[in-house]
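This report refers to the structure that appears directly beneath it.
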Amino acid sequence: MAHRRPPRAPKGPDPAARAPSTEAPPPPRSLRSRPLLLLLLLLLAACGATERSPEPGRLGLSARLTRSLPSPLARRALPGGGEDRQERGTEPGAPAPAAGPREDEAPAPGQGRWARAAPVAGEASQVQVPLISTSFVLKGDASHNQAMVHWTGQNSSVILILTKYYHADTGKVLESSLWRSPDYGTTYIKLTLQPGFTTIIDTFYVCPKNRKKVILVSSSRGSGEESLFLSTDEASTFRKQRIPFSLEMLMYHPKQEDTLLAYSRESKVYLSFDMGKKWTLLQERVTKEHVFWAVSGVDTNLDMIHMETQDLGGGFRYVTCHIHSCSNETLTERFPGPIDHKSLIVQDDYIFLKATSTNHTKYYVSYLRNEFVLMKLPKYALPKDLQVISTDENQVFVAVQEWYQTDTYNLYQSDPRGVHYSLLLEDVRSSRQAEESVIIDILEVRGVKGVFLANQKVDGKVVTLITYNKGRDWDYLRPPSVDMNGKPTNCNPPDCHLHLHLLWADNPYVSGTVHTKDTAPGLIMGAGNLGSQLVEYKEEMYITSDCGNTWRQVFEEEHHILYLDHGNVIVAIKDSSIPLKILKFSVDDGLTWHVHNFTSTSMFVDGLLSEPGEETLVMTIFGHISYRSDWELVKVDFRPSFPRPCGEEDYSAWDLINLQGDSCLMGQRRSFRKRKYTSWCVKGKNFTSALASQVCPCQDSDFLCDYGFERSPSSESDSNKCFANFWFNPLSPPDDCVLGQNYSSSLGYRKIVSNVCEGGVDLRQSPAQLQCPLTPPRGLQVSIRGEAVAVRPGEDVLFEVRQEQGDVLTTKYQVDLGDGFKVMYMNLTLTGEPIRHCYEKPGVYRVSVRAENMAGHDEAVLFVQVNSPLQALYLEVVPVVGINQEVNLTAMLLPLNPNLTVFYWWIGHSLQPLLSLENSVTTRFADKGDVRVTVQAACGSSVLQDSKVIRVLDQFQAVPLQFSKELDTYNPNTPEWREDIGLVVSRLLAKETGIPEELLVTVVKPGLPTVADLYVLLPPPRPMRKRSLTSDKRLTAIRQVLSAHKVSFLLRAGVRVLVTTRDTDTGSPRLGGSGGYWAVAVLFVIGLFAVAAFILYKFKRKRPGRTVYAQMHNEKEQEMTSPMSQGQGVQSAVQGEEFIDDDLDSQTLGNHSGVVLSINSREMHSYLVS
């Protein structure tokens, strides 16, 4: 669908300045100046018209136009006696046509809504040109901003128009109207589908095989349901049919008119055999716009569909199925492995896709549905992107954005199979449009095979080039010598040429469209400028009727262009932001222009449309009188001007030549018919433009450089010679060379595809035939289907072996799967069958494949991880450690998966993790405070995480504990159980000693025998309290109750567990302890500090305590604390206060610094075994 520009203000310098432009384009204009309302007009072409449809069942010819708004800018004055003089171009020395009415003038008498064109003087205007104009207003559609028009076509006078109000923000159609004309657009009738109900039509489809069959897609306001309205009589009557899905797109079968595919917004594909009455779900998770019917003449079964689908693992696959039996079980996977999303293209004889593995993208092609092969671009092209431009005439044109390019692409041409590519043109301009679509600024000139136009961007300058032999040679466009007023252009090569906007323009006010037609060979019309480069704000109109040899300027500004009757009539209306009422038309290839008032009241023109098929002489102008007015359609009929069909005496011949004057192009001399300017006749639907062709002897220009070769720069004397690239060996046999066969080494040339020259020069092959040698295997690869390298025990694994080069018929393949399975294969890479295997035990297995023949060998190795998914992870840490003392962090994992799991450790606020293959690490803490430790365990695709908050303190006291042996019998050794036991012990000790429970932390250690450590925390400092340094009553009280066997708890019925102190010599060492000598030394130092503190206390005010007391946070503390009476609670609080008042500072054991763990209980899927 061609994109049209919004209305624009006058632009560029004054048009009277005709000197060639060499300045750079101005900066882009602000988008604020653009109008707010854009109107879309879509023309649905009949699929049987001469326009080439992109795909059977898809939309055909379309045009996009803009509903203009009144411009606040006044129209600039036109020199030379008004607009009409400047808008008519004449050949030098030819008589100037008579002046016609200006576009803003009132119509002459008799030129109202029914008007005839006035006679115009000039070479081709010696007779009357009677034109009939009729208008019709689509009342009630003033708010609608889109329209779809369809001619049912082929001996039918029915036209359908769907107007609708499309809300861009919501992406929905809010209003619509359907109009039907039974008399070829003279009158229209508004159709009511459901009397009494508001029906919104989103779009409609017309069967390409039977255009009487029309399907409307509707959504009812409020209900949200979607329905189809089916018609078999050119929209005279409709039948409503509800559908069970939300429709996105319909696709007609290439042969059967009632068979449809439907793509839903839920990415599902449905099938109907009865024109949409009943639907069957075919496939789910299908990529939008990547569903294709079989191609007639290529696919053996037209009931087959090609699809890009997503598998359960998230990858995308290319699959096919037959519509009569399409299920997950019957899908056929055509490419061995995943493909990139939105990469599948089925076009003519070719299928394209790309696959990315380990950040390396490869492009594949299948020719005539054979197996996929790698597309061979130059070795160091290293493409970032690849766009298919054309697949006509058994050849592929691709545009490749190489690693060093940003806004340009290089153009390549393939051999007939689409495998080997040769460079045609570098640095073709590109533009990335909405939804990431890319437009390459290259245009195929329709009507003459082998002719292309391209805009090349070098050093920031854009220039237009033309080729007559499919890109083998390129030339600049030859500028005209005089302008439309007969004044010299002063544009002389090589400093000045003609440049055109081809597919788009960077300036949003220029449409950038060149007009060509299949049945109007040699006729090219477009907007551009003269100068050293293309200037974005320049939009002068130029025309050529001899395929680019000579150009003429016809208008100062851009115009809407429409070809009628195979280019017999050229219609032009200024592309303006102000109302218009005249059109210009030419019947002599733009030499002279006539003026016709198509309406009595000026209107904003949104576009021109005609029935698909250039034989028509009836056109329709779409527009509106004012911003809020209804759509107005003006029908202009040129048929009265051409009263008879053309005969052979009405045609003359013209020969195709290139800019060098060579008439042998693409291996033949071609002549075309052209209507004589003095003959006023209709070419008709059966007109054939080609007149005669004669095969030429082959010459150098019929050959281009073969794969691996490049042409020398044009500055060198041997510029037409092709030289091998440094990476290419011309003597090496081709990849498909089989032992026993012969091949010819390339001399660097190959004949242009579709070139029909015979005899003459043959640069392609050397006369000597070489025998294919036995080549050693090269590029051997082994992989797991799906690109995974980690699998689970008991899971089927499919190993795929590929070989890029070398003989495969005589090569033996020794396969070792690493678990004792060894086997020898023949033709392994030829058949492409995968090797199926299953590993029973976890571990790392070395898979090796050795390919060997008499010429050499190659080997590929793959390491496969077989592991079970991780089930549970728990972080174990020692709760207390001195500053700068080592602390052990341990991740308890289930299952263990030794040597297969990677542990990531984040300590504190560091973003850089510490990696280890062991489940434990050691570290040190230099500062006190809270430190969060997080560990992640990754094994294959399974990842688990656990985290703990560690509190680093200045001082702590540790008391080793032990339990009666009965506890070992019932120890499940799980983290939750150990936490619960620790909470019970802390609560019981707090109850017996009166110490606040938040100052006691009991940590039960994993393993057997069951032991624990009790950590006594310092209380928060109270500066006004009297501090005593002589003894620690808390530690004494704890030892007393433990020695008296007062701490015990009931584990289960009949089993009571006693808690006592543990001898550190036989049990676990006490954290922070460092031997008796160190204890005596530390006590002596503490005594000195105590004396100093006492002296300061006598001579100074009381100072706040310096010791920081940490409070233990345990989320299970409330759960494990048994209820007690109010009196007990008060007593414990009083006892705790007495301890603090009498002896605030504790008697430290070696001035130990410590860490207290804030234990967060965590649900586990199963027990952890230490």
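By convention in this document, the chains of the structure tokens carry letters A, B, ... by their order, each chain's residues are numbered from 1, and ligands are numbered from 1 in the order they are shown.
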- If you run DSSP over the backbone, which residues in stretch 869-902 of chain A end up strand (DSSP E)? Put them as a PyMOL selection string. chain A and resi 872-877+886-894+902
Those residues with N, CA and C atoms, as an mmCIF file, in the first residue's frame please?
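Written out: result.cif:
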data_model
loop_
_atom_site.group_PDB
_atom_site.id
_atom_site.type_symbol
_atom_site.label_atom_id
_atom_site.label_comp_id
_atom_site.auth_asym_id
_atom_site.auth_seq_id
_atom_site.Cartn_x
_atom_site.Cartn_y
_atom_site.Cartn_z
ATOM 1 N N ALA A 872 15.489 -27.675 45.720
ATOM 2 C CA ALA A 872 15.501 -26.861 46.935
ATOM 3 C C ALA A 872 16.896 -26.307 47.165
ATOM 4 N N LEU A 873 16.948 -25.120 47.765
ATOM 5 C CA LEU A 873 18.202 -24.456 48.102
ATOM 6 C C LEU A 873 18.034 -23.762 49.438
ATOM 7 N N TYR A 874 19.013 -23.975 50.332
ATOM 8 C CA TYR A 874 18.975 -23.322 51.637
ATOM 9 C C TYR A 874 20.377 -22.827 51.976
ATOM 10 N N LEU A 875 20.445 -21.582 52.400
ATOM 11 C CA LEU A 875 21.726 -20.967 52.733
ATOM 12 C C LEU A 875 22.014 -21.159 54.213
ATOM 13 N N GLU A 876 23.110 -21.878 54.517
ATOM 14 C CA GLU A 876 23.568 -22.102 55.891
ATOM 15 C C GLU A 876 24.778 -21.213 56.146
ATOM 16 N N VAL A 877 24.753 -20.443 57.274
ATOM 17 C CA VAL A 877 25.891 -19.618 57.648
ATOM 18 C C VAL A 877 26.127 -19.756 59.146
ATOM 19 N N GLU A 886 37.371 -15.411 59.345
ATOM 20 C CA GLU A 886 36.713 -16.134 58.282
ATOM 21 C C GLU A 886 35.348 -16.639 58.721
ATOM 22 N N VAL A 887 34.391 -16.544 57.798
ATOM 23 C CA VAL A 887 33.065 -17.103 58.022
ATOM 24 C C VAL A 887 32.741 -17.965 56.817
ATOM 25 N N ASN A 888 32.131 -19.082 57.050
ATOM 26 C CA ASN A 888 31.810 -20.022 55.986
ATOM 27 C C ASN A 888 30.353 -19.861 55.571
ATOM 28 N N LEU A 889 30.132 -19.704 54.257
ATOM 29 C CA LEU A 889 28.792 -19.616 53.694
ATOM 30 C C LEU A 889 28.551 -20.886 52.899
ATOM 31 N N THR A 890 27.478 -21.613 53.223
ATOM 32 C CA THR A 890 27.226 -22.911 52.617
ATOM 33 C C THR A 890 25.820 -22.933 52.031
ATOM 34 N N ALA A 891 25.716 -23.372 50.774
ATOM 35 C CA ALA A 891 24.425 -23.511 50.101
ATOM 36 C C ALA A 891 24.059 -24.986 50.093
ATOM 37 N N MET A 892 23.008 -25.342 50.804
ATOM 38 C CA MET A 892 22.530 -26.714 50.854
ATOM 39 C C MET A 892 21.573 -26.922 49.686
ATOM 40 N N LEU A 893 21.887 -27.853 48.787
ATOM 41 C CA LEU A 893 21.188 -28.008 47.515
ATOM 42 C C LEU A 893 20.646 -29.419 47.388
ATOM 43 N N LEU A 894 19.461 -29.503 46.778
ATOM 44 C CA LEU A 894 18.863 -30.803 46.499
ATOM 45 C C LEU A 894 18.290 -30.780 45.081
ATOM 46 N N VAL A 902 26.478 -24.119 39.090
ATOM 47 C CA VAL A 902 27.259 -22.903 39.293
ATOM 48 C C VAL A 902 26.560 -22.073 40.357
#
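The residues of stretch 364-538 of chain A that DSSP assigns to helix (DSSP H, G or I) on this backbone come out as Asp392, Glu393, Asn394, Ala434, Glu435 and Glu436 of chain A.
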Mind writing the picked residues with N, CA, C and O atoms as a short mmCIF file (atom, residue, chain, number, x, y, z; two decimals), in the first residue's frame?
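Final output, saved to again-v5.cif:
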data_model
loop_
_atom_site.label_atom_id
_atom_site.label_comp_id
_atom_site.auth_asym_id
_atom_site.auth_seq_id
_atom_site.Cartn_x
_atom_site.Cartn_y
_atom_site.Cartn_z
N ASP A 392 11.47 -12.33 -9.49
CA ASP A 392 10.98 -12.51 -10.86
C ASP A 392 12.02 -13.19 -11.74
O ASP A 392 13.23 -13.09 -11.50
N GLU A 393 11.53 -13.84 -12.77
CA GLU A 393 12.36 -14.39 -13.83
C GLU A 393 13.46 -15.33 -13.31
O GLU A 393 14.62 -15.26 -13.72
N ASN A 394 13.07 -16.21 -12.38
CA ASN A 394 14.00 -17.25 -11.89
C ASN A 394 15.30 -16.65 -11.36
O ASN A 394 16.40 -17.12 -11.65
N ALA A 434 7.33 2.38 9.93
CA ALA A 434 6.62 1.91 11.12
C ALA A 434 6.65 0.39 11.18
O ALA A 434 6.76 -0.30 10.17
N GLU A 435 6.55 -0.13 12.41
CA GLU A 435 6.56 -1.57 12.68
C GLU A 435 7.82 -2.24 12.15
O GLU A 435 7.81 -3.38 11.70
N GLU A 436 8.93 -1.49 12.16
CA GLU A 436 10.24 -2.04 11.83
C GLU A 436 10.36 -2.50 10.37
O GLU A 436 11.26 -3.25 10.04
#
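Taking only C-alpha atoms into account, A:Pro842 lies nearest to A:Val791 out of the set A:Val791, A:Val1059, A:Leu423, A:Ala399.
Closest approach to A:Tyr1015 among A:Val985, A:Cys698, A:Ala958, A:Cys737: A:Ala958, based on only C-alpha atoms.
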- Task: Mind checking which residues fall within 10 Å of A:Asn867, counting only C-alpha atoms, ignoring those fewer than 5 positions away in the same chain, and posting them as an NGL selection string?
- Result: :A and (790-794 or 839-844 or 895-898 or 900-901 or 939-942)
- Query: Leaving out A:His566 and any residue of its chain fewer than 6 positions from it, which residues lie within 8 Å of it when counting only C-alpha atoms, given as a list of chain:residue names?
  - Reply: A:Lys517, A:Thr519, A:Ala520, A:Glu614, A:Glu615, A:Lys683
For the selection you just gave me, I'd like the residues written to a file as an mmCIF file, in the first residue's frame, keeping C-alpha atoms.
data_model
loop_
_atom_site.group_PDB
_atom_site.id
_atom_site.type_symbol
_atom_site.label_atom_id
_atom_site.label_comp_id
_atom_site.auth_asym_id
_atom_site.auth_seq_id
_atom_site.Cartn_x
_atom_site.Cartn_y
_atom_site.Cartn_z
ATOM 1 C CA LYS A 517 2.897 0.699 -15.915
ATOM 2 C CA THR A 519 1.281 -1.933 -20.453
ATOM 3 C CA ALA A 520 2.851 1.507 -20.928
ATOM 4 C CA GLU A 614 -5.291 0.162 -17.857
ATOM 5 C CA GLU A 615 -7.888 -0.319 -20.580
ATOM 6 C CA LYS A 683 -6.110 0.859 -27.206
#
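Atom CA of A:Val636 is found 22.6 Å from atom CA of A:Ala142.
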- Which polymer residues have any atom within 12 Å of an atom of stretch 278-280 of chain A, counting only C-alpha atoms, with same-chain residues fewer than 2 positions away left out, as a ChimeraX atom specification? /A:228,241-245,247,258-264,268-276,282-284,323-327
Could you save those same residues with N, CA and C atoms as a PDB file, in the first residue's frame?
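For reference, selection24.pdb as written:
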ATOM      1  N   LEU A 228     -19.690 -12.217   9.945  1.00  0.00           N
ATOM      2  CA  LEU A 228     -19.427 -12.062   8.525  1.00  0.00           C
ATOM      3  C   LEU A 228     -20.755 -11.870   7.804  1.00  0.00           C
ATOM      4  N   GLN A 241     -23.438 -14.280   9.234  1.00  0.00           N
ATOM      5  CA  GLN A 241     -22.880 -15.517   9.784  1.00  0.00           C
ATOM      6  C   GLN A 241     -21.946 -15.163  10.935  1.00  0.00           C
ATOM      7  N   ARG A 242     -22.302 -15.581  12.154  1.00  0.00           N
ATOM      8  CA  ARG A 242     -21.434 -15.322  13.305  1.00  0.00           C
ATOM      9  C   ARG A 242     -20.202 -16.222  13.242  1.00  0.00           C
ATOM     10  N   ILE A 243     -19.087 -15.711  13.777  1.00  0.00           N
ATOM     11  CA  ILE A 243     -17.844 -16.483  13.796  1.00  0.00           C
ATOM     12  C   ILE A 243     -17.363 -16.590  15.243  1.00  0.00           C
ATOM     13  N   PRO A 244     -16.751 -17.710  15.603  1.00  0.00           N
ATOM     14  CA  PRO A 244     -16.371 -17.940  17.010  1.00  0.00           C
ATOM     15  C   PRO A 244     -14.987 -17.408  17.371  1.00  0.00           C
ATOM     16  N   PHE A 245     -14.467 -16.449  16.624  1.00  0.00           N
ATOM     17  CA  PHE A 245     -13.134 -15.927  16.916  1.00  0.00           C
ATOM     18  C   PHE A 245     -13.072 -14.482  16.450  1.00  0.00           C
ATOM     19  N   LEU A 247     -11.490 -11.980  14.070  1.00  0.00           N
ATOM     20  CA  LEU A 247     -10.817 -12.101  12.783  1.00  0.00           C
ATOM     21  C   LEU A 247      -9.780 -10.999  12.591  1.00  0.00           C
ATOM     22  N   ASP A 258     -14.605 -21.071  -2.641  1.00  0.00           N
ATOM     23  CA  ASP A 258     -15.295 -21.112  -1.349  1.00  0.00           C
ATOM     24  C   ASP A 258     -14.393 -21.535  -0.193  1.00  0.00           C
ATOM     25  N   THR A 259     -13.141 -21.825  -0.464  1.00  0.00           N
ATOM     26  CA  THR A 259     -12.223 -22.273   0.584  1.00  0.00           C
ATOM     27  C   THR A 259     -11.425 -21.074   1.091  1.00  0.00           C
ATOM     28  N   LEU A 260     -11.463 -20.889   2.417  1.00  0.00           N
ATOM     29  CA  LEU A 260     -10.854 -19.710   3.037  1.00  0.00           C
ATOM     30  C   LEU A 260      -9.970 -20.120   4.195  1.00  0.00           C
ATOM     31  N   LEU A 261      -8.925 -19.336   4.421  1.00  0.00           N
ATOM     32  CA  LEU A 261      -8.156 -19.378   5.662  1.00  0.00           C
ATOM     33  C   LEU A 261      -8.416 -18.091   6.416  1.00  0.00           C
ATOM     34  N   ALA A 262      -8.560 -18.198   7.714  1.00  0.00           N
ATOM     35  CA  ALA A 262      -8.763 -17.022   8.565  1.00  0.00           C
ATOM     36  C   ALA A 262      -7.695 -17.002   9.645  1.00  0.00           C
ATOM     37  N   TYR A 263      -7.089 -15.833   9.847  1.00  0.00           N
ATOM     38  CA  TYR A 263      -6.101 -15.652  10.915  1.00  0.00           C
ATOM     39  C   TYR A 263      -6.746 -14.792  11.995  1.00  0.00           C
ATOM     40  N   SER A 264      -6.744 -15.284  13.222  1.00  0.00           N
ATOM     41  CA  SER A 264      -7.402 -14.574  14.319  1.00  0.00           C
ATOM     42  C   SER A 264      -6.401 -13.757  15.113  1.00  0.00           C
ATOM     43  N   LYS A 268      -4.354 -17.763  15.832  1.00  0.00           N
ATOM     44  CA  LYS A 268      -4.844 -19.073  15.407  1.00  0.00           C
ATOM     45  C   LYS A 268      -5.283 -19.006  13.951  1.00  0.00           C
ATOM     46  N   VAL A 269      -5.176 -20.148  13.265  1.00  0.00           N
ATOM     47  CA  VAL A 269      -5.575 -20.247  11.865  1.00  0.00           C
ATOM     48  C   VAL A 269      -6.782 -21.174  11.781  1.00  0.00           C
ATOM     49  N   TYR A 270      -7.853 -20.689  11.109  1.00  0.00           N
ATOM     50  CA  TYR A 270      -9.076 -21.455  10.928  1.00  0.00           C
ATOM     51  C   TYR A 270      -9.295 -21.703   9.438  1.00  0.00           C
ATOM     52  N   LEU A 271     -10.104 -22.742   9.139  1.00  0.00           N
ATOM     53  CA  LEU A 271     -10.370 -23.146   7.757  1.00  0.00           C
ATOM     54  C   LEU A 271     -11.869 -23.264   7.542  1.00  0.00           C
ATOM     55  N   SER A 272     -12.322 -22.794   6.355  1.00  0.00           N
ATOM     56  CA  SER A 272     -13.717 -22.941   5.959  1.00  0.00           C
ATOM     57  C   SER A 272     -13.769 -23.425   4.519  1.00  0.00           C
ATOM     58  N   PHE A 273     -14.646 -24.396   4.266  1.00  0.00           N
ATOM     59  CA  PHE A 273     -14.837 -24.921   2.917  1.00  0.00           C
ATOM     60  C   PHE A 273     -16.110 -24.378   2.263  1.00  0.00           C
ATOM     61  N   ASP A 274     -16.903 -23.583   3.001  1.00  0.00           N
ATOM     62  CA  ASP A 274     -18.195 -23.131   2.486  1.00  0.00           C
ATOM     63  C   ASP A 274     -18.339 -21.613   2.581  1.00  0.00           C
ATOM     64  N   MET A 275     -17.272 -20.896   2.280  1.00  0.00           N
ATOM     65  CA  MET A 275     -17.288 -19.432   2.211  1.00  0.00           C
ATOM     66  C   MET A 275     -17.590 -18.801   3.572  1.00  0.00           C
ATOM     67  N   GLY A 276     -17.121 -19.413   4.640  1.00  0.00           N
ATOM     68  CA  GLY A 276     -17.202 -18.805   5.958  1.00  0.00           C
ATOM     69  C   GLY A 276     -18.396 -19.186   6.790  1.00  0.00           C
ATOM     70  N   LEU A 282      -7.323 -25.004  12.618  1.00  0.00           N
ATOM     71  CA  LEU A 282      -6.220 -25.756  12.023  1.00  0.00           C
ATOM     72  C   LEU A 282      -4.988 -25.778  12.905  1.00  0.00           C
ATOM     73  N   GLN A 283      -4.560 -24.597  13.358  1.00  0.00           N
ATOM     74  CA  GLN A 283      -3.287 -24.515  14.078  1.00  0.00           C
ATOM     75  C   GLN A 283      -3.289 -23.314  14.992  1.00  0.00           C
ATOM     76  N   GLU A 284      -2.573 -23.435  16.118  1.00  0.00           N
ATOM     77  CA  GLU A 284      -2.421 -22.343  17.073  1.00  0.00           C
ATOM     78  C   GLU A 284      -0.977 -21.844  17.062  1.00  0.00           C
ATOM     79  N   ILE A 323      -4.695 -29.084   4.365  1.00  0.00           N
ATOM     80  CA  ILE A 323      -5.864 -28.528   5.059  1.00  0.00           C
ATOM     81  C   ILE A 323      -6.859 -29.614   5.443  1.00  0.00           C
ATOM     82  N   HIS A 324      -6.851 -30.756   4.783  1.00  0.00           N
ATOM     83  CA  HIS A 324      -7.799 -31.817   5.115  1.00  0.00           C
ATOM     84  C   HIS A 324      -7.343 -32.647   6.307  1.00  0.00           C
ATOM     85  N   SER A 325      -6.080 -32.551   6.689  1.00  0.00           N
ATOM     86  CA  SER A 325      -5.576 -33.279   7.858  1.00  0.00           C
ATOM     87  C   SER A 325      -4.418 -32.477   8.446  1.00  0.00           C
ATOM     88  N   CYS A 326      -4.774 -31.438   9.181  1.00  0.00           N
ATOM     89  CA  CYS A 326      -3.756 -30.540   9.743  1.00  0.00           C
ATOM     90  C   CYS A 326      -3.874 -30.545  11.258  1.00  0.00           C
ATOM     91  N   SER A 327      -2.982 -31.247  11.912  1.00  0.00           N
ATOM     92  CA  SER A 327      -2.927 -31.301  13.371  1.00  0.00           C
ATOM     93  C   SER A 327      -1.469 -31.341  13.785  1.00  0.00           C
TER      94      SER A 327
END
- Which distance in Å separates atom CA of A:Ala860 and atom CA of A:Pro378, to one decimal? 25.5 Å
- Task: Excluding A:Gln771 and any residue of its chain fewer than 4 positions from it, enumerate the residues within 8 Å of it, using only C-alpha atoms, and give them as JSON, numbers by chain.
- Result: {"A": [739, 740, 741, 742, 743]}
Residues just named, written with N, CA and C atoms as a PDB file, in the first residue's frame:
ATOM      1  N   LEU A 739      32.292 -36.954  -6.396  1.00  0.00           N
ATOM      2  CA  LEU A 739      33.402 -37.731  -6.942  1.00  0.00           C
ATOM      3  C   LEU A 739      32.940 -38.520  -8.168  1.00  0.00           C
ATOM      4  N   GLY A 740      33.713 -38.379  -9.247  1.00  0.00           N
ATOM      5  CA  GLY A 740      33.371 -39.046 -10.494  1.00  0.00           C
ATOM      6  C   GLY A 740      32.736 -38.132 -11.514  1.00  0.00           C
ATOM      7  N   GLN A 741      32.262 -36.982 -11.084  1.00  0.00           N
ATOM      8  CA  GLN A 741      31.681 -36.022 -12.008  1.00  0.00           C
ATOM      9  C   GLN A 741      32.726 -34.985 -12.417  1.00  0.00           C
ATOM     10  N   ASN A 742      32.379 -34.184 -13.423  1.00  0.00           N
ATOM     11  CA  ASN A 742      33.258 -33.129 -13.910  1.00  0.00           C
ATOM     12  C   ASN A 742      32.678 -31.757 -13.578  1.00  0.00           C
ATOM     13  N   TYR A 743      33.575 -30.773 -13.512  1.00  0.00           N
ATOM     14  CA  TYR A 743      33.155 -29.397 -13.292  1.00  0.00           C
ATOM     15  C   TYR A 743      34.100 -28.469 -14.043  1.00  0.00           C
TER      16      TYR A 743
END
- Which residues, written as a list of chain:residue names, have at least one atom at most 10 Å from A:Glu289, with only C-alpha atoms counted and residues fewer than 3 positions away on the same chain left out? A:Glu248, A:Met249, A:Tyr263, A:Val286, A:Phe292, A:Met307, A:Glu308, A:Lys342, A:Leu344, A:Ile345
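The residue that comes closest to A:Val866, out of A:Ile950, A:Val797, A:Val137, A:Leu665 and on the basis of only C-alpha atoms, is A:Val797.
The gap separating atom CA of A:Thr1061 from atom CA of A:Leu1042 is 6.5 Å, in Å to one decimal.
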